Each structure stands twice: as structure tokens, then as C-alpha cells.
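S.K.: Structure: final.tsv, TSV, C-alpha atoms.
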chain	number	residue	atom	x	y	z
A	289	MET	CA	19.64	-13.72	-0.03
A	290	VAL	CA	20.82	-10.77	-2.07
A	291	TYR	CA	23.44	-11.70	-4.66
A	292	TYR	CA	25.82	-9.32	-6.37
A	293	VAL	CA	27.58	-9.83	-9.70
A	294	ARG	CA	31.12	-8.54	-9.22
A	295	PHE	CA	34.14	-8.16	-11.43
A	296	LEU	CA	37.15	-9.94	-9.95
A	297	LYS	CA	39.40	-8.34	-12.55
A	298	THR	CA	39.02	-5.19	-14.60
A	299	PRO	CA	37.68	-6.11	-18.08
A	300	ARG	CA	40.39	-5.70	-20.72
A	301	ILE	CA	41.03	-5.95	-24.44
A	302	GLN	CA	43.12	-8.93	-25.63
A	303	GLN	CA	44.44	-10.13	-28.95
A	304	GLN	CA	43.95	-13.81	-29.78
A	305	LYS	CA	45.05	-15.25	-33.12
A	306	GLY	CA	44.93	-11.88	-34.79
A	307	SER	CA	41.49	-10.92	-33.47
A	308	ILE	CA	40.35	-8.55	-30.70
A	309	TYR	CA	38.40	-9.84	-27.70
A	310	LEU	CA	37.07	-8.35	-24.48
A	311	SER	CA	37.72	-10.52	-21.43
A	312	ALA	CA	36.52	-10.36	-17.83
A	313	LEU	CA	36.35	-12.45	-14.69
A	314	ILE	CA	33.18	-12.26	-12.57
A	315	CYS	CA	31.60	-13.96	-9.60
A	316	ILE	CA	28.06	-14.02	-8.19
A	317	THR	CA	28.30	-13.74	-4.45
A	318	THR	CA	26.89	-12.20	-1.26
A	319	ASP	CA	27.93	-8.82	0.11
A	320	LEU	CA	30.75	-10.31	2.21
A	321	GLY	CA	31.78	-12.77	-0.50
A	322	ASP	CA	31.26	-15.68	1.89
A	323	SER	CA	28.73	-17.56	-0.26
A	324	PHE	CA	28.35	-18.06	-4.00
A	325	LEU	CA	25.17	-18.55	-5.99
A	326	ALA	CA	24.50	-22.30	-6.07
A	327	GLU	CA	22.16	-22.26	-9.07
A	328	ASP	CA	22.42	-22.32	-12.84
A	329	VAL	CA	21.50	-18.95	-14.35
A	330	ASP	CA	21.81	-17.48	-17.83
A	331	LEU	CA	23.70	-14.20	-18.19
A	332	MET	CA	23.59	-11.77	-21.09
A	333	LEU	CA	26.86	-9.81	-21.37
A	334	ILE	CA	26.71	-6.52	-23.28
A	335	ALA	CA	29.69	-4.39	-24.32
A	336	GLU	CA	28.95	-0.84	-25.47
A	337	ASN	CA	31.17	2.04	-26.56
A	338	SER	CA	30.45	5.77	-26.41
A	339	SER	CA	28.86	5.66	-29.86
A	340	GLY	CA	26.31	3.10	-28.76
A	341	VAL	CA	27.86	0.22	-30.73
A	342	MET	CA	27.00	-2.95	-28.87
A	343	PHE	CA	28.19	-6.53	-28.81
A	344	GLN	CA	26.58	-9.17	-26.69
A	345	LYS	CA	26.96	-12.77	-25.66
A	346	THR	CA	24.91	-15.24	-23.63
A	347	THR	CA	26.75	-17.36	-21.10
A	348	LYS	CA	25.85	-19.47	-18.07
A	349	TRP	CA	26.79	-19.34	-14.43
A	350	ASN	CA	26.77	-22.90	-13.11
A	351	ALA	CA	25.81	-23.86	-9.57
A	352	SER	CA	29.33	-25.14	-8.92
A	353	ASN	CA	31.07	-21.91	-10.03
A	354	ARG	CA	33.14	-19.72	-7.76
A	355	GLU	CA	34.16	-17.49	-10.66
A	356	LEU	CA	33.41	-17.25	-14.35
A	357	ALA	CA	35.78	-16.18	-17.13
A	358	ILE	CA	34.09	-14.36	-20.02
A	359	THR	CA	35.40	-13.67	-23.50
A	360	LEU	CA	33.40	-11.46	-25.85
A	361	GLY	CA	34.31	-11.11	-29.53
A	362	PRO	CA	35.87	-11.00	-32.03
A	363	LEU	CA	35.48	-7.23	-32.08
A	364	PRO	CA	36.43	-4.74	-34.80
A	365	PHE	CA	40.04	-3.58	-34.45
A	366	ASN	CA	39.07	0.10	-34.21
A	367	LEU	CA	37.31	-0.60	-30.88
A	368	ALA	CA	40.55	-1.63	-29.20
A	369	GLN	CA	41.47	2.05	-28.65
A	370	GLN	CA	38.06	3.08	-27.33
A	371	SER	CA	36.54	3.00	-23.86
A	372	MET	CA	33.84	0.36	-23.45
A	373	VAL	CA	31.33	-0.46	-20.74
A	374	LEU	CA	30.60	-4.10	-19.95
A	375	THR	CA	27.25	-4.83	-18.32
A	376	TRP	CA	25.16	-7.92	-17.70
A	377	LEU	CA	21.50	-8.84	-17.60
A	378	LEU	CA	19.63	-11.70	-16.00
A	379	GLN	CA	16.47	-13.12	-17.50
A	380	GLN	CA	13.36	-13.81	-15.44
A	381	VAL	CA	14.88	-12.75	-12.14
A	382	PRO	CA	12.64	-10.89	-9.62
A	383	HIS	CA	13.35	-7.26	-8.77
A	384	LEU	CA	14.31	-6.38	-5.24
A	385	ASP	CA	11.17	-5.80	-3.18
A	386	LEU	CA	11.64	-5.35	0.55
A	387	ASN	CA	7.89	-5.35	1.20
A	388	ARG	CA	7.34	-9.01	0.40
A	389	ARG	CA	9.12	-12.29	0.83
A	390	GLN	CA	11.24	-13.70	-1.97
A	391	ARG	CA	13.90	-16.35	-1.81
A	392	LYS	CA	16.61	-14.24	-3.36
A	393	SER	CA	17.21	-10.93	-5.10
A	394	TRP	CA	19.93	-9.32	-7.16
A	395	PHE	CA	21.89	-6.11	-7.34
A	396	ASN	CA	24.09	-5.07	-10.24
A	397	GLY	CA	25.23	-1.61	-9.26
A	398	THR	CA	22.07	0.22	-10.37
A	399	PHE	CA	19.26	1.02	-7.97
A	400	ASN	CA	16.38	1.61	-10.37
A	401	THR	CA	13.86	4.23	-9.31
A	402	ALA	CA	12.98	5.13	-12.88
A	403	ALA	CA	9.41	3.89	-12.48
A	404	ALA	CA	8.83	6.76	-10.07
A	405	ASN	CA	10.28	9.34	-12.47
A	406	HIS	CA	13.76	9.14	-10.96
A	407	SER	CA	16.94	8.39	-12.86
A	408	PRO	CA	18.68	5.12	-11.95
A	409	ILE	CA	21.41	5.45	-9.33
A	410	LYS	CA	24.67	3.98	-10.63
A	411	ILE	CA	27.48	3.19	-8.22
A	412	TRP	CA	31.06	2.20	-8.99
A	413	GLU	CA	32.50	-0.56	-6.79
A	414	GLU	CA	36.05	-1.78	-6.27
A	415	THR	CA	37.23	-4.52	-8.63
A	416	GLY	CA	38.36	-7.68	-6.86
A	417	ASN	CA	37.23	-10.01	-4.09
A	418	SER	CA	37.97	-7.65	-1.17
A	419	ILE	CA	34.88	-6.74	0.83
A	420	ALA	CA	36.07	-3.14	1.16
A	421	ARG	CA	34.59	-0.45	-1.08
A	422	HIS	CA	31.67	-2.68	-2.06
A	423	ILE	CA	27.94	-2.29	-1.49
A	424	TRP	CA	26.60	-4.27	1.47
A	425	ASP	CA	23.08	-5.44	2.24
A	426	ALA	CA	22.27	-2.81	4.88
A	427	GLY	CA	23.36	-0.01	2.55
A	428	LEU	CA	21.12	-1.32	-0.20
A	429	ALA	CA	18.22	-1.68	2.25
A	430	THR	CA	18.79	1.85	3.57
A	431	VAL	CA	18.46	3.30	0.07
A	432	THR	CA	15.14	1.50	-0.30
A	433	TYR	CA	14.01	2.57	3.17
A	434	LEU	CA	14.79	6.25	2.52
A	435	TYR	CA	13.13	6.02	-0.87
A	436	MET	CA	9.91	4.67	0.66
A	437	ILE	CA	9.84	7.53	3.16
A	438	CYS	CA	10.47	10.13	0.44
A	439	GLU	CA	7.67	8.62	-1.63
A	440	ASN	CA	5.36	8.69	1.40
A	441	ILE	CA	6.11	12.39	1.80
A	442	LYS	CA	5.48	13.10	-1.89
A	443	LYS	CA	2.17	11.22	-1.79
A	444	LYS	CA	1.11	13.13	1.34
A	445	ASN	CA	0.82	10.10	3.62
A	446	LYS	CA	-1.11	7.94	1.19
A	447	GLY	CA	1.45	5.14	1.50
A	448	THR	CA	2.54	3.01	4.43
A	449	GLU	CA	3.36	5.22	7.40
A	450	PRO	CA	7.03	4.93	8.48
A	451	LYS	CA	7.67	3.67	11.98
A	452	ILE	CA	10.29	6.35	12.66
A	453	PRO	CA	8.43	9.67	12.83
A	454	ALA	CA	11.56	11.73	13.53
A	455	LEU	CA	13.17	10.57	10.29
A	456	LYS	CA	10.11	11.43	8.24
A	457	ARG	CA	9.88	14.80	9.98
A	458	VAL	CA	13.49	15.68	9.14
A	459	LEU	CA	13.12	14.63	5.50
A	460	SER	CA	9.82	16.44	5.02
A	461	ASN	CA	10.51	19.76	6.76
A	462	ALA	CA	10.08	22.79	4.52
A	463	ARG	CA	13.29	24.84	4.70
A	464	ASN	CA	14.99	27.84	3.19
A	465	THR	CA	18.43	26.29	3.55
A	466	PRO	CA	19.53	22.76	2.56
A	467	LEU	CA	19.05	19.80	4.89
A	468	GLN	CA	22.51	19.12	6.35
A	469	VAL	CA	23.38	15.41	6.22
A	470	VAL	CA	26.61	13.64	7.18
A	471	GLU	CA	27.33	9.97	6.42
A	472	LEU	CA	29.98	8.11	8.42
A	473	GLY	CA	31.81	5.14	6.90
A	474	ALA	CA	30.28	5.90	3.52
A	475	GLY	CA	32.27	3.30	1.55
A	476	CYS	CA	31.17	3.61	-2.08
A	477	GLY	CA	28.73	6.31	-1.01
A	478	ILE	CA	25.49	4.68	-2.14
A	479	VAL	CA	23.35	5.78	0.82
A	480	GLY	CA	24.27	9.47	0.86
A	481	ILE	CA	24.36	9.70	-2.93
A	482	ALA	CA	20.92	8.09	-3.18
A	483	LEU	CA	19.47	10.55	-0.66
A	484	ALA	CA	20.89	13.55	-2.52
A	485	SER	CA	19.50	12.09	-5.74
A	486	MET	CA	16.01	11.61	-4.31
A	487	LEU	CA	15.56	14.57	-1.96
A	488	PRO	CA	15.66	18.19	-3.19
A	489	ASN	CA	17.49	20.89	-1.23
A	490	CYS	CA	19.76	18.43	0.55
A	491	SER	CA	23.49	18.86	1.28
A	492	VAL	CA	25.24	15.55	1.98
A	493	LEU	CA	28.78	15.24	3.30
A	494	LEU	CA	30.21	11.74	2.76
A	495	THR	CA	33.07	10.71	5.06
A	496	ASP	CA	35.40	7.74	5.33
A	497	LEU	CA	39.08	6.82	5.46
A	498	PRO	CA	41.45	8.11	2.73
A	499	GLU	CA	41.51	4.79	0.85
A	500	VAL	CA	37.92	5.28	-0.35
A	501	GLU	CA	38.43	8.82	-1.64
A	502	ASP	CA	39.09	7.88	-5.27
A	503	ILE	CA	36.07	5.65	-5.76
A	504	ILE	CA	33.67	7.79	-3.76
A	505	THR	CA	34.76	10.92	-5.68
A	506	ARG	CA	34.09	9.05	-8.91
A	507	ASN	CA	30.58	8.21	-7.71
A	508	ILE	CA	29.96	11.79	-6.64
A	509	ASN	CA	30.99	13.03	-10.08
A	510	ALA	CA	28.64	10.53	-11.75
A	511	ALA	CA	25.63	11.32	-9.55
A	512	GLN	CA	22.46	12.94	-10.91
A	513	LEU	CA	21.30	15.09	-8.03
A	514	ALA	CA	17.87	16.36	-7.11
A	515	THR	CA	17.13	20.07	-7.45
A	516	MET	CA	19.35	22.25	-5.22
A	517	SER	CA	21.02	19.18	-3.66
A	518	SER	CA	24.79	18.75	-3.35
A	519	LEU	CA	27.40	16.14	-2.46
A	520	HIS	CA	30.82	16.58	-0.86
A	521	TYR	CA	33.48	14.26	0.51
A	522	GLN	CA	35.88	14.60	3.44
A	523	ASN	CA	38.34	12.13	4.92
A	524	LEU	CA	37.42	11.25	8.50
A	525	ASP	CA	39.25	9.01	10.95
A	526	TRP	CA	36.99	8.21	13.90
A	527	ASP	CA	40.05	8.02	16.14
A	528	ASP	CA	40.96	11.60	15.27
A	529	PRO	CA	37.84	13.56	14.25
A	530	PRO	CA	38.15	17.30	13.55
A	531	ASN	CA	36.74	19.84	15.96
A	532	GLU	CA	34.29	21.03	13.32
A	533	LEU	CA	33.21	18.62	10.59
A	534	CYS	CA	30.41	20.68	9.09
A	535	PRO	CA	30.08	24.50	9.17
A	536	GLN	CA	26.28	24.28	9.46
A	537	PRO	CA	24.30	22.44	12.20
A	538	ILE	CA	23.87	18.80	11.19
A	539	GLU	CA	20.30	17.51	11.06
A	540	LEU	CA	20.76	13.89	9.96
A	541	ILE	CA	23.68	11.48	10.44
A	542	LEU	CA	23.70	8.26	8.39
A	543	VAL	CA	25.55	5.15	9.57
A	544	SER	CA	25.18	1.99	7.48
A	545	ASP	CA	27.05	-1.31	7.91
A	546	CYS	CA	29.54	0.17	10.38
A	547	THR	CA	29.04	-2.04	13.46
A	548	TYR	CA	30.64	-5.27	12.21
A	549	ASN	CA	34.10	-4.40	13.60
A	550	ALA	CA	33.86	-4.41	17.38
A	551	ASP	CA	37.29	-2.78	17.76
A	552	SER	CA	36.09	0.38	16.00
A	553	LEU	CA	32.84	0.78	17.97
A	554	PRO	CA	34.18	3.03	20.79
A	555	ALA	CA	35.65	5.43	18.22
A	556	LEU	CA	32.42	5.39	16.19
A	557	VAL	CA	30.26	6.21	19.22
A	558	SER	CA	32.75	8.87	20.35
A	559	THR	CA	32.50	10.51	16.90
A	560	LEU	CA	28.70	10.41	17.02
A	561	ASP	CA	28.81	11.91	20.51
A	562	ARG	CA	31.01	14.78	19.33
A	563	LEU	CA	28.81	15.49	16.30
A	564	VAL	CA	25.66	15.64	18.41
A	565	GLN	CA	27.35	17.87	20.97
A	566	THR	CA	27.86	20.46	18.24
A	567	SER	CA	24.46	19.72	16.63
A	568	PRO	CA	22.14	18.81	19.55
A	569	GLU	CA	19.03	18.49	17.35
A	570	ALA	CA	20.62	15.94	15.01
A	571	ILE	CA	19.16	12.46	14.63
A	572	ILE	CA	21.24	9.41	13.73
A	573	LEU	CA	19.97	6.65	11.44
A	574	VAL	CA	21.91	3.43	11.99
A	575	ALA	CA	21.32	0.48	9.65
A	576	LEU	CA	22.87	-2.91	10.22
A	577	LYS	CA	22.66	-6.57	9.40
A	578	ARG	CA	23.89	-8.46	12.44
A	579	ARG	CA	26.93	-10.57	11.63
A	580	HIS	CA	28.06	-11.64	15.12
A	581	ASP	CA	27.28	-11.20	18.84
A	582	SER	CA	30.02	-8.62	19.44
A	583	GLU	CA	27.93	-6.00	17.65
A	584	THR	CA	25.74	-5.73	20.74
A	585	ALA	CA	28.52	-3.62	22.28
A	586	PHE	CA	27.43	-0.78	19.99
A	587	PHE	CA	24.03	-0.53	21.65
A	588	ASP	CA	25.56	-0.53	25.14
A	589	LEU	CA	27.97	2.23	24.15
A	590	MET	CA	25.19	4.34	22.63
A	591	GLN	CA	23.09	3.95	25.77
A	592	SER	CA	26.04	4.94	27.95
A	593	ALA	CA	26.50	8.03	25.76
A	594	GLY	CA	22.94	9.10	26.53
A	595	PHE	CA	21.31	8.21	23.22
A	596	THR	CA	17.82	6.75	22.92
A	597	ALA	CA	16.46	5.00	19.82
A	598	VAL	CA	13.31	4.22	17.89
A	599	GLN	CA	13.62	0.92	16.02
A	600	ASP	CA	12.33	-0.42	12.72
A	601	SER	CA	13.37	-3.25	10.40
A	602	VAL	CA	12.89	-4.66	6.92
A	603	GLU	CA	13.34	-8.19	5.66
A	604	ILE	CA	15.53	-9.13	2.73
A	605	PRO	CA	15.54	-12.57	1.06
A	606	SER	CA	17.65	-15.37	2.43
A	607	GLN	CA	17.95	-19.07	1.69
A	608	HIS	CA	15.35	-21.81	2.07
A	609	GLU	CA	12.37	-19.42	2.19
A	610	GLU	CA	13.90	-17.65	5.19
A	611	VAL	CA	14.70	-13.96	5.47
A	612	ASP	CA	17.54	-11.81	6.75
A	613	GLU	CA	16.64	-8.76	8.77
A	614	ILE	CA	18.07	-5.29	8.31
A	615	GLU	CA	17.65	-3.32	11.52
A	616	PHE	CA	17.19	0.45	11.66
A	617	TYR	CA	17.77	2.53	14.79
A	618	CYS	CA	16.98	6.24	14.86
A	619	TYR	CA	19.01	7.72	17.71
A	620	SER	CA	18.66	11.09	19.34
A	621	ARG	CA	19.71	12.62	22.63
A	622	PRO	CA	17.08	14.11	24.93
A	623	THR	CA	17.51	17.86	25.28
A	624	GLY	CA	19.78	18.83	28.13
A	625	GLU	CA	21.60	15.49	28.51
A	626	ARG	CA	25.40	15.36	28.52
Could you render the structure as C-alpha cells?
M.R.:
Amino acid sequence: MVYYVRFLKTPRIQQQKGSIYLSALICITTDLGDSFLAEDVDLMLIAENSSGVMFQKTTKWNASNRELAITLGPLPFNLAQQSMVLTWLLQQVPHLDLNRRQRKSWFNGTFNTAAANHSPIKIWEETGNSIARHIWDAGLATVTYLYMICENIKKKNKGTEPKIPALKRVLSNARNTPLQVVELGAGCGIVGIALASMLPNCSVLLTDLPEVEDIITRNINAAQLATMSSLHYQNLDWDDPPNELCPQPIELILVSDCTYNADSLPALVSTLDRLVQTSPEAIILVALKRRHDSETAFFDLMQSAGFTAVQDSVEIPSQHEEVDEIEFYCYSRPTGER
């Protein structure tokens, strides 16, 4: 099972008995916050200012914890007026590897592709225990999945061949104009931002409801993009989509972790239908981790709308040597239908 360390409250500076301390409240939980890590682990907390001055402290998350209060200090008084970044490290914890079985993995807001000469992808999440505006398992798996395909393209098919040829074809096509990508329900924006960071000459439009605009704009501004790639954001309500979302024909539509709410599925499929009507050659990559039986309605609606799919999947760690499955569906509409 993938576990995420999350801040339940924004870290802040406090005065205690004449000294300055940095305090925070964290939890170690799953993407939906419905399960907490039931193991003892050591955490290294590091506070760093813009000048590189660091303070650190080792603490422990106990198996019985649901949250953990942290106090770091005392700190010099002059730091109280400066911005600081609080990060954490885990010792002797395996990296996320979706190609082999592990019992659990971790994600701390940085997807590290540095080993392949990429800069790490850093994503801001919402503070608090709400599941909105957080990174979910299927989004994290989609970043890895797209990365593996991009690496396969760079290595000229020397790696494992992807099971979705249409997706590889779209990502590998030589073009004079940028690849036009739209992501629906982007949340924090990790999937679209990762693609624009990995793939040159790629224009990604991230869309979601207005309440995500602040955090997704912050992530766009912090992104380190590949050569000639770009990121944009636009509010999009599936119940009231615009007549024209993108001025150029869309080639790839990304949908990750958007099928959990059965009530929104008709509007989602209607939006996909409208986008493909204006961009008939577009393919749709849907990634999901099944949460409940009602999600099957999505597949029925897509079939009724005339879409066909090629399927793939990856396994992510779960409990008791089991695995959770992230499913990928690459949808397209046969030429001439609808």
C-alpha cells in the first residue's frame, strides 16, 4: 500500500518560554485517508531557509498514531521572519517500483526521475485531512506509466514494450507543432505537469473546478518543463463545458482518479464525447483504482457513447503481500461513428 506523509496543519513559528520553535502536525496515511500506517518508523525532519541554513530532528511515528505533533527548535530569533521549508526523510524505506512486488511504498510530494537526468517533480498538496486537492494512487501510477513509455521511446524500444500502442504512437510522433494534451479533473495537476516535464514540445491544458485553481496554478509556476513544453489551466465544469476548450485539435486526453463518484460519470462521459467530436483523432487515457462497484457504470456509458478501449494495468503494493491494481484504459472512437 502506498502511504503519504501529509501535513494536517500548516507548519508555523511559535514562541515558547522565550525561544522560537517550528511546529507541525502530520499523519502517514493512504490516498483517501482511510487507513494509517500501523508500523513504527523513524522520521528525520529538516527545516531549511532560503540561505540553506538547516535544522533537523529525528522523531518516531508509532504504529498506534493517527497524527503526530512535531516541534523543531529552539531556532535563532532572526529566522522567525523568514520563509522556511519543512521536509522529512525516511531511512531504509524502498523506493516506489511498479515493476515488482513490495509490501508498501511511500510518496512525499516529489516524484524523483533524477536518475534518468530529469529534475524531480515537486507538487504542492492541500494542507488538512480532506481528500480533495491531494495526490491519489492512480495519479501517481499514471506518472510512472507515462515515464516508462517516454523512456521506451528515448531508448528506441530497448525497454519493455507498452501494451497500449496508440499511446506510445501519440507520445513518440515527430511534429512541428506541440502535442496538444488536455487533463480533466486534474486536482493538484501531477499527471499533466509530469508529462510536460518529461516530454518535449508538449502543450498541456489542466482543467478542474474553480476550487483547485490556486493550488494548481502554484504547481504550474513551480514546474520545470521540458524543452518547448508549456502548461496552462482553465476552469471546467463537466455539467457546463464550453463549446471550444482548446483552439488546436486535441491529441491526448488524460483522466486520472475521476470515476469514484458515480453521480458525476454521465457529465464526465458527455464532456469526453464533446471533446472527441471536435477532435476525432484524440485518444483518452483513463487511469483508476477501483473503489466500489458503482464505477462500472463508467464503462457502460463509454461503450454507449461509441468508445472502444485497449486495457493495461500495473500493480502497486498493498497489505499482507497483496497488491492493488491500477487500471489503464486507452479509449478512442472508430472513424465515422457518432
S.K.: Work out how far apart CA of Glu613 (chain A) and CA of Ile478 (chain A) are and give it in Å to one decimal.
M.R.: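 Value for the CA of Glu613 (chain A)-CA of Ile478 (chain A) distance: 19.4 Å.
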S.K.: Please indicate the distance in Å from CA of Pro537 (chain A) to CA of Asn509 (chain A), rounded to one decimal place.
M.R.: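 About the pair CA of Pro537 (chain A) and CA of Asn509 (chain A): they are 25.1 Å apart.
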S.K.: Can you work out which one of A:Ala351, A:Leu325, A:Leu467, A:Val543 has the shortest atom-to-atom distance to Val431 (chain A), counting all atoms listed in the file?
M.R.: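 With all atoms listed in the file as the atom set, the closest residue is A:Val543.
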S.K.: Please determine, counting only C-alpha atoms, which residue among A:His520, A:Lys456, A:Arg579, A:Lys297 has the shortest atom-to-atom distance to Leu540 (chain A).
M.R.: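 Between A:His520, A:Lys456, A:Arg579, A:Lys297, the residue approaching Leu540 (chain A) most closely is A:Lys456.
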S.K.: Give the answer as one residue: which of A:Ile503, A:Val469, A:Ala555, A:Leu483 has the shortest atom-to-atom distance to Ile411 (chain A), using all atoms listed in the file?
M.R.: A:Ile503
S.K.: CA of Asp551 (chain A) and CA of Ser582 (chain A) are how many Å apart?
M.R.: 9.5 Å
S.K.: Out of A:Leu533, A:Asp600, A:Leu377, A:Asn440, which residue has the shortest atom-to-atom distance to Thr559 (chain A) when counting all atoms listed in the file?
M.R.: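 Looking at the shortest contact to Thr559 (chain A), the residue is A:Leu533.
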S.K.: Using only C-alpha atoms, which residue out of A:Met332, A:Ala585, A:Ile508, A:Val602 lies closest to Thr375 (chain A)?
M.R.: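 Closest to Thr375 (chain A) of all the choices is A:Met332.
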S.K.: Of the candidates A:Leu320, A:Lys444, A:Leu374, A:Leu494, which one gets nearest to Ser338 (chain A) if we count only C-alpha atoms?
M.R.: A:Leu374
S.K.: Would you output region 591-601 of chain A from that structure, restricted to all heavy atoms, as a PDB file, in the first residue's frame?
M.R.:
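result-v9.pdb written:
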ATOM      1  N   GLN A 591     -19.089   2.830 -23.527  1.00  0.00           N
ATOM      2  CA  GLN A 591     -19.480   1.940 -24.619  1.00  0.00           C
ATOM      3  C   GLN A 591     -20.699   2.497 -25.360  1.00  0.00           C
ATOM      4  O   GLN A 591     -20.751   2.479 -26.596  1.00  0.00           O
ATOM      5  CB  GLN A 591     -19.778   0.548 -24.075  1.00  0.00           C
ATOM      6  CG  GLN A 591     -20.111  -0.471 -25.156  1.00  0.00           C
ATOM      7  CD  GLN A 591     -20.331  -1.863 -24.582  1.00  0.00           C
ATOM      8  OE1 GLN A 591     -20.518  -2.037 -23.388  1.00  0.00           O
ATOM      9  NE2 GLN A 591     -20.310  -2.850 -25.452  1.00  0.00           N
ATOM     10  N   SER A 592     -21.661   3.014 -24.611  1.00  0.00           N
ATOM     11  CA  SER A 592     -22.853   3.588 -25.234  1.00  0.00           C
ATOM     12  C   SER A 592     -22.510   4.812 -26.075  1.00  0.00           C
ATOM     13  O   SER A 592     -23.204   5.117 -27.054  1.00  0.00           O
ATOM     14  CB  SER A 592     -23.874   3.963 -24.159  1.00  0.00           C
ATOM     15  OG  SER A 592     -24.314   2.808 -23.458  1.00  0.00           O
ATOM     16  N   ALA A 593     -21.439   5.521 -25.696  1.00  0.00           N
ATOM     17  CA  ALA A 593     -21.013   6.704 -26.437  1.00  0.00           C
ATOM     18  C   ALA A 593     -20.165   6.352 -27.650  1.00  0.00           C
ATOM     19  O   ALA A 593     -19.709   7.241 -28.371  1.00  0.00           O
ATOM     20  CB  ALA A 593     -20.238   7.642 -25.514  1.00  0.00           C
ATOM     21  N   GLY A 594     -19.956   5.054 -27.887  1.00  0.00           N
ATOM     22  CA  GLY A 594     -19.236   4.629 -29.080  1.00  0.00           C
ATOM     23  C   GLY A 594     -17.743   4.510 -28.941  1.00  0.00           C
ATOM     24  O   GLY A 594     -17.022   4.393 -29.933  1.00  0.00           O
ATOM     25  N   PHE A 595     -17.238   4.526 -27.700  1.00  0.00           N
ATOM     26  CA  PHE A 595     -15.799   4.415 -27.474  1.00  0.00           C
ATOM     27  C   PHE A 595     -15.389   2.950 -27.318  1.00  0.00           C
ATOM     28  O   PHE A 595     -16.126   2.141 -26.752  1.00  0.00           O
ATOM     29  CB  PHE A 595     -15.384   5.175 -26.211  1.00  0.00           C
ATOM     30  CG  PHE A 595     -15.479   6.665 -26.338  1.00  0.00           C
ATOM     31  CD1 PHE A 595     -16.498   7.376 -25.715  1.00  0.00           C
ATOM     32  CD2 PHE A 595     -14.539   7.374 -27.072  1.00  0.00           C
ATOM     33  CE1 PHE A 595     -16.581   8.752 -25.819  1.00  0.00           C
ATOM     34  CE2 PHE A 595     -14.608   8.750 -27.184  1.00  0.00           C
ATOM     35  CZ  PHE A 595     -15.636   9.446 -26.560  1.00  0.00           C
ATOM     36  N   THR A 596     -14.217   2.629 -27.822  1.00  0.00           N
ATOM     37  CA  THR A 596     -13.612   1.322 -27.596  1.00  0.00           C
ATOM     38  C   THR A 596     -12.283   1.524 -26.889  1.00  0.00           C
ATOM     39  O   THR A 596     -11.659   2.590 -26.991  1.00  0.00           O
ATOM     40  CB  THR A 596     -13.391   0.572 -28.917  1.00  0.00           C
ATOM     41  OG1 THR A 596     -12.530   1.356 -29.762  1.00  0.00           O
ATOM     42  CG2 THR A 596     -14.714   0.318 -29.632  1.00  0.00           C
ATOM     43  N   ALA A 597     -11.805   0.489 -26.170  1.00  0.00           N
ATOM     44  CA  ALA A 597     -10.633   0.674 -25.318  1.00  0.00           C
ATOM     45  C   ALA A 597      -9.641  -0.467 -25.454  1.00  0.00           C
ATOM     46  O   ALA A 597     -10.014  -1.621 -25.707  1.00  0.00           O
ATOM     47  CB  ALA A 597     -11.054   0.810 -23.851  1.00  0.00           C
ATOM     48  N   VAL A 598      -8.369  -0.118 -25.283  1.00  0.00           N
ATOM     49  CA  VAL A 598      -7.292  -1.082 -25.068  1.00  0.00           C
ATOM     50  C   VAL A 598      -6.880  -0.958 -23.609  1.00  0.00           C
ATOM     51  O   VAL A 598      -6.709   0.156 -23.106  1.00  0.00           O
ATOM     52  CB  VAL A 598      -6.095  -0.798 -25.997  1.00  0.00           C
ATOM     53  CG1 VAL A 598      -4.950  -1.753 -25.696  1.00  0.00           C
ATOM     54  CG2 VAL A 598      -6.516  -0.907 -27.455  1.00  0.00           C
ATOM     55  N   GLN A 599      -6.724  -2.084 -22.925  1.00  0.00           N
ATOM     56  CA  GLN A 599      -6.521  -2.063 -21.482  1.00  0.00           C
ATOM     57  C   GLN A 599      -5.106  -2.493 -21.103  1.00  0.00           C
ATOM     58  O   GLN A 599      -4.477  -3.323 -21.755  1.00  0.00           O
ATOM     59  CB  GLN A 599      -7.529  -2.986 -20.792  1.00  0.00           C
ATOM     60  CG  GLN A 599      -7.443  -2.976 -19.264  1.00  0.00           C
ATOM     61  CD  GLN A 599      -8.458  -3.903 -18.616  1.00  0.00           C
ATOM     62  OE1 GLN A 599      -9.259  -4.546 -19.303  1.00  0.00           O
ATOM     63  NE2 GLN A 599      -8.433  -3.986 -17.299  1.00  0.00           N
ATOM     64  N   ASP A 600      -4.610  -1.912 -20.026  1.00  0.00           N
ATOM     65  CA  ASP A 600      -3.365  -2.324 -19.397  1.00  0.00           C
ATOM     66  C   ASP A 600      -3.520  -2.101 -17.895  1.00  0.00           C
ATOM     67  O   ASP A 600      -4.522  -1.518 -17.447  1.00  0.00           O
ATOM     68  CB  ASP A 600      -2.182  -1.528 -19.950  1.00  0.00           C
ATOM     69  CG  ASP A 600      -0.832  -2.181 -19.636  1.00  0.00           C
ATOM     70  OD1 ASP A 600      -0.820  -3.282 -19.051  1.00  0.00           O
ATOM     71  OD2 ASP A 600       0.208  -1.587 -19.972  1.00  0.00           O
ATOM     72  N   SER A 601      -2.565  -2.547 -17.109  1.00  0.00           N
ATOM     73  CA  SER A 601      -2.635  -2.346 -15.660  1.00  0.00           C
ATOM     74  C   SER A 601      -1.235  -2.447 -15.070  1.00  0.00           C
ATOM     75  O   SER A 601      -0.333  -3.031 -15.671  1.00  0.00           O
ATOM     76  CB  SER A 601      -3.560  -3.377 -14.998  1.00  0.00           C
ATOM     77  OG  SER A 601      -3.034  -4.689 -15.158  1.00  0.00           O
TER      78      SER A 601
END
